[in-house]
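K.L.:
Structure file target.txt (compact mmCIF, C-alpha atoms) right here:
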```
# COMPACT_ATOMS: atom_id res chain seq x y z
CA MET A 1 -1.39 16.53 22.39
CA TYR A 2 1.48 14.71 20.77
CA PRO A 3 2.26 15.30 17.11
CA GLU A 4 1.05 12.58 14.78
CA THR A 5 3.72 10.02 13.90
CA PRO A 6 4.07 8.57 10.41
CA ILE A 7 2.71 5.26 11.71
CA ASP A 8 -0.38 6.98 13.14
CA HIS A 9 -0.91 8.79 9.86
CA ALA A 10 -0.56 5.59 7.80
CA SER A 11 -2.85 3.59 10.07
CA GLY A 12 -5.43 6.39 9.95
CA LYS A 13 -5.39 6.32 6.15
CA ILE A 14 -5.79 2.53 6.11
CA VAL A 15 -8.68 2.65 8.58
CA SER A 16 -10.48 5.37 6.62
CA GLY A 17 -9.88 3.49 3.34
CA VAL A 18 -11.34 0.26 4.71
CA LYS A 19 -14.28 2.18 6.18
CA ASN A 20 -15.03 3.79 2.79
CA LEU A 21 -14.84 0.43 1.00
CA ARG A 22 -17.17 -1.19 3.52
CA GLU A 23 -19.70 1.65 3.33
CA GLY A 24 -19.86 1.34 -0.46
CA LEU A 25 -21.15 -2.22 -0.12
CA ASP A 26 -23.87 -1.34 2.38
CA PRO A 27 -27.18 -2.94 1.27
CA ASP A 28 -28.95 0.44 1.50
CA ILE A 29 -26.39 2.02 -0.82
CA LEU A 30 -26.68 -0.86 -3.28
CA ALA A 31 -30.49 -0.59 -3.17
CA TYR A 32 -30.23 3.15 -3.86
CA TRP A 33 -28.06 2.59 -6.95
CA TYR A 34 -30.22 -0.29 -8.20
CA LYS A 35 -33.25 2.01 -7.94
CA ARG A 36 -31.47 4.81 -9.80
CA ILE A 37 -30.36 2.38 -12.53
CA GLU A 38 -33.85 0.90 -12.79
CA ASP A 39 -35.52 4.32 -13.03
CA ARG A 40 -33.04 5.69 -15.58
CA SER A 41 -33.24 2.49 -17.65
CA ARG A 42 -37.01 2.76 -17.77
CA GLU A 43 -36.67 6.36 -18.97
CA ILE A 44 -34.48 5.47 -21.95
CA VAL A 45 -35.92 2.12 -23.09
CA PRO A 46 -38.58 2.10 -25.80
CA PRO A 47 -42.15 2.32 -24.39
CA HIS A 48 -42.92 -1.37 -25.00
CA LEU A 49 -39.96 -2.40 -22.78
CA LYS A 50 -40.64 -0.16 -19.76
CA ASP A 51 -42.15 -2.95 -17.65
CA LYS A 52 -39.42 -5.38 -18.76
CA VAL A 53 -36.83 -3.79 -16.43
CA GLN A 54 -37.32 -4.73 -12.78
CA PHE A 55 -34.93 -5.18 -9.87
CA GLU A 56 -35.96 -6.69 -6.55
CA GLN A 57 -33.93 -6.86 -3.33
CA ASP A 58 -33.91 -10.20 -1.51
CA ARG A 59 -35.68 -9.96 1.85
CA ILE A 60 -33.22 -12.26 3.63
CA LEU A 61 -29.90 -11.69 1.85
CA TRP A 62 -29.89 -7.90 1.61
CA MET A 63 -26.95 -7.71 -0.82
CA LYS A 64 -28.68 -10.03 -3.30
CA PHE A 65 -30.91 -8.56 -6.00
CA LYS A 66 -33.07 -10.27 -8.59
CA MET A 67 -32.75 -8.62 -11.99
CA ASP A 68 -35.65 -9.24 -14.34
CA VAL A 69 -34.51 -7.63 -17.59
CA SER A 70 -35.65 -8.42 -21.11
CA LYS A 71 -32.86 -9.37 -23.51
CA ARG A 72 -33.85 -6.39 -25.63
CA ALA A 73 -33.47 -4.05 -22.64
CA VAL A 74 -30.04 -5.31 -21.50
CA PRO A 75 -28.04 -2.86 -23.69
CA TYR A 76 -29.94 0.05 -22.14
CA VAL A 77 -29.31 -1.21 -18.60
CA MET A 78 -25.61 -1.71 -19.40
CA GLN A 79 -25.43 1.84 -20.75
CA VAL A 80 -27.00 3.26 -17.59
CA ILE A 81 -24.68 1.27 -15.32
CA GLU A 82 -21.70 2.58 -17.30
CA GLU A 83 -23.07 6.12 -16.97
CA TYR A 84 -23.40 5.87 -13.17
CA ILE A 85 -20.20 3.99 -12.24
CA PRO A 86 -18.01 7.14 -12.19
CA ILE A 87 -20.23 8.78 -9.55
CA MET A 88 -20.58 5.69 -7.33
CA PRO A 89 -18.37 4.94 -4.33
CA TYR A 90 -15.38 2.84 -5.43
CA SER A 91 -16.54 -0.51 -4.03
CA THR A 92 -20.09 0.05 -5.32
CA GLY A 93 -18.61 0.69 -8.76
CA LEU A 94 -16.68 -2.59 -8.57
CA TYR A 95 -19.89 -4.37 -7.55
CA PHE A 96 -21.73 -3.00 -10.60
CA ARG A 97 -18.79 -3.85 -12.88
CA LYS A 98 -19.35 -7.44 -11.76
CA VAL A 99 -23.09 -7.05 -12.48
CA GLN A 100 -22.18 -5.90 -16.01
CA GLU A 101 -19.89 -8.90 -16.41
CA ILE A 102 -22.65 -11.29 -15.30
CA LEU A 103 -25.16 -9.66 -17.69
CA THR A 104 -22.65 -9.98 -20.54
CA ASP A 105 -21.99 -13.64 -19.72
CA GLU A 106 -25.72 -14.39 -19.63
CA MET A 107 -26.24 -12.70 -22.99
CA ASN A 108 -23.32 -14.64 -24.49
CA LYS A 109 -24.81 -17.92 -23.22
CA GLU A 110 -28.00 -17.10 -25.08
CA LEU A 111 -26.07 -16.56 -28.32
CA ARG A 112 -24.43 -20.00 -28.23
```
Using structure tokens, write down the structure from this file.

P.N.:
Amino acid sequence: MYPETPIDHASGKIVSGVKNLREGLDPDILAYWYKRIEDRSREIVPPHLKDKVQFEQDRILWMKFKMDVSKRAVPYVMQVIEEYIPIMPYSTGLYFRKVQEILTDEMNKELR
């Protein structure tokens, strides 16, 4: 075979990078991380808030999730998301950073 040229090497890196980013936003991967966050959040919240943390995946739009979280449980959920982001694929981590931002915005709306 021919030796790999710099262009082949660069294009291979770009293709693998795009593939990794796309895989991190797969609905099954997002569902897995939502489940882990939900389970861990339920472990650390006080007993009276355990059933106040629920996530549900939309049956039609697979990347859409409904988060039913009590205001009192939000800090625990945020803590768990922060704990898991370093071990998530890069694009999944970005997705959950946006989830944190949305949760923060919703909490700030309530304070106004």

K.L.:
Between CA of Pro75 in chain A and CA of Leu61 in chain A, what is the spacing in Å?

P.N.:
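One can read the CA of Leu61 in chain A to CA of Pro75 in chain A distance as 27.1 Å.
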
K.L.:
Taking only C-alpha atoms into account, name the residue in A:Thr5, A:Ser11, A:Thr104, A:Ser41 that is nearest to Ile81 in chain A.

P.N.:
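Looking at the shortest contact to Ile81 in chain A, the residue is A:Ser41.
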
K.L.:
CA of Met67 in chain A to CA of Phe55 in chain A: how many Å, to one decimal?

P.N.:
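Answer for the CA of Met67 in chain A to CA of Phe55 in chain A separation: 4.6 Å.
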
K.L.:
Which residue out of A:Phe65, A:Val74, A:Ala31, A:Leu25 has the minimum interatomic distance to Val45 in chain A when all atoms listed in the file are used?

P.N.:
A:Val74

K.L.:
Could you pull the residues within 12 Å of Met78 in chain A, counting all atoms listed in the file, minus those fewer than 6 positions along the same chain, as number ranges by chain?

P.N.:
A: 37-38, 40-41, 44-45, 53, 69, 71-72, 84-85, 96-104, 107

K.L.:
Please write the residues from the selection above to a file, keeping C-alpha atoms, as a CSV table (one decimal), in the coordinates of the input.

P.N.:
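Produced file part.csv, reproduced below:
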```
chain,number,residue,atom,x,y,z
A,37,ILE,CA,-30.4,2.4,-12.5
A,38,GLU,CA,-33.8,0.9,-12.8
A,40,ARG,CA,-33.0,5.7,-15.6
A,41,SER,CA,-33.2,2.5,-17.6
A,44,ILE,CA,-34.5,5.5,-22.0
A,45,VAL,CA,-35.9,2.1,-23.1
A,53,VAL,CA,-36.8,-3.8,-16.4
A,69,VAL,CA,-34.5,-7.6,-17.6
A,71,LYS,CA,-32.9,-9.4,-23.5
A,72,ARG,CA,-33.8,-6.4,-25.6
A,84,TYR,CA,-23.4,5.9,-13.2
A,85,ILE,CA,-20.2,4.0,-12.2
A,96,PHE,CA,-21.7,-3.0,-10.6
A,97,ARG,CA,-18.8,-3.8,-12.9
A,98,LYS,CA,-19.4,-7.4,-11.8
A,99,VAL,CA,-23.1,-7.0,-12.5
A,100,GLN,CA,-22.2,-5.9,-16.0
A,101,GLU,CA,-19.9,-8.9,-16.4
A,102,ILE,CA,-22.6,-11.3,-15.3
A,103,LEU,CA,-25.2,-9.7,-17.7
A,104,THR,CA,-22.6,-10.0,-20.5
A,107,MET,CA,-26.2,-12.7,-23.0
```
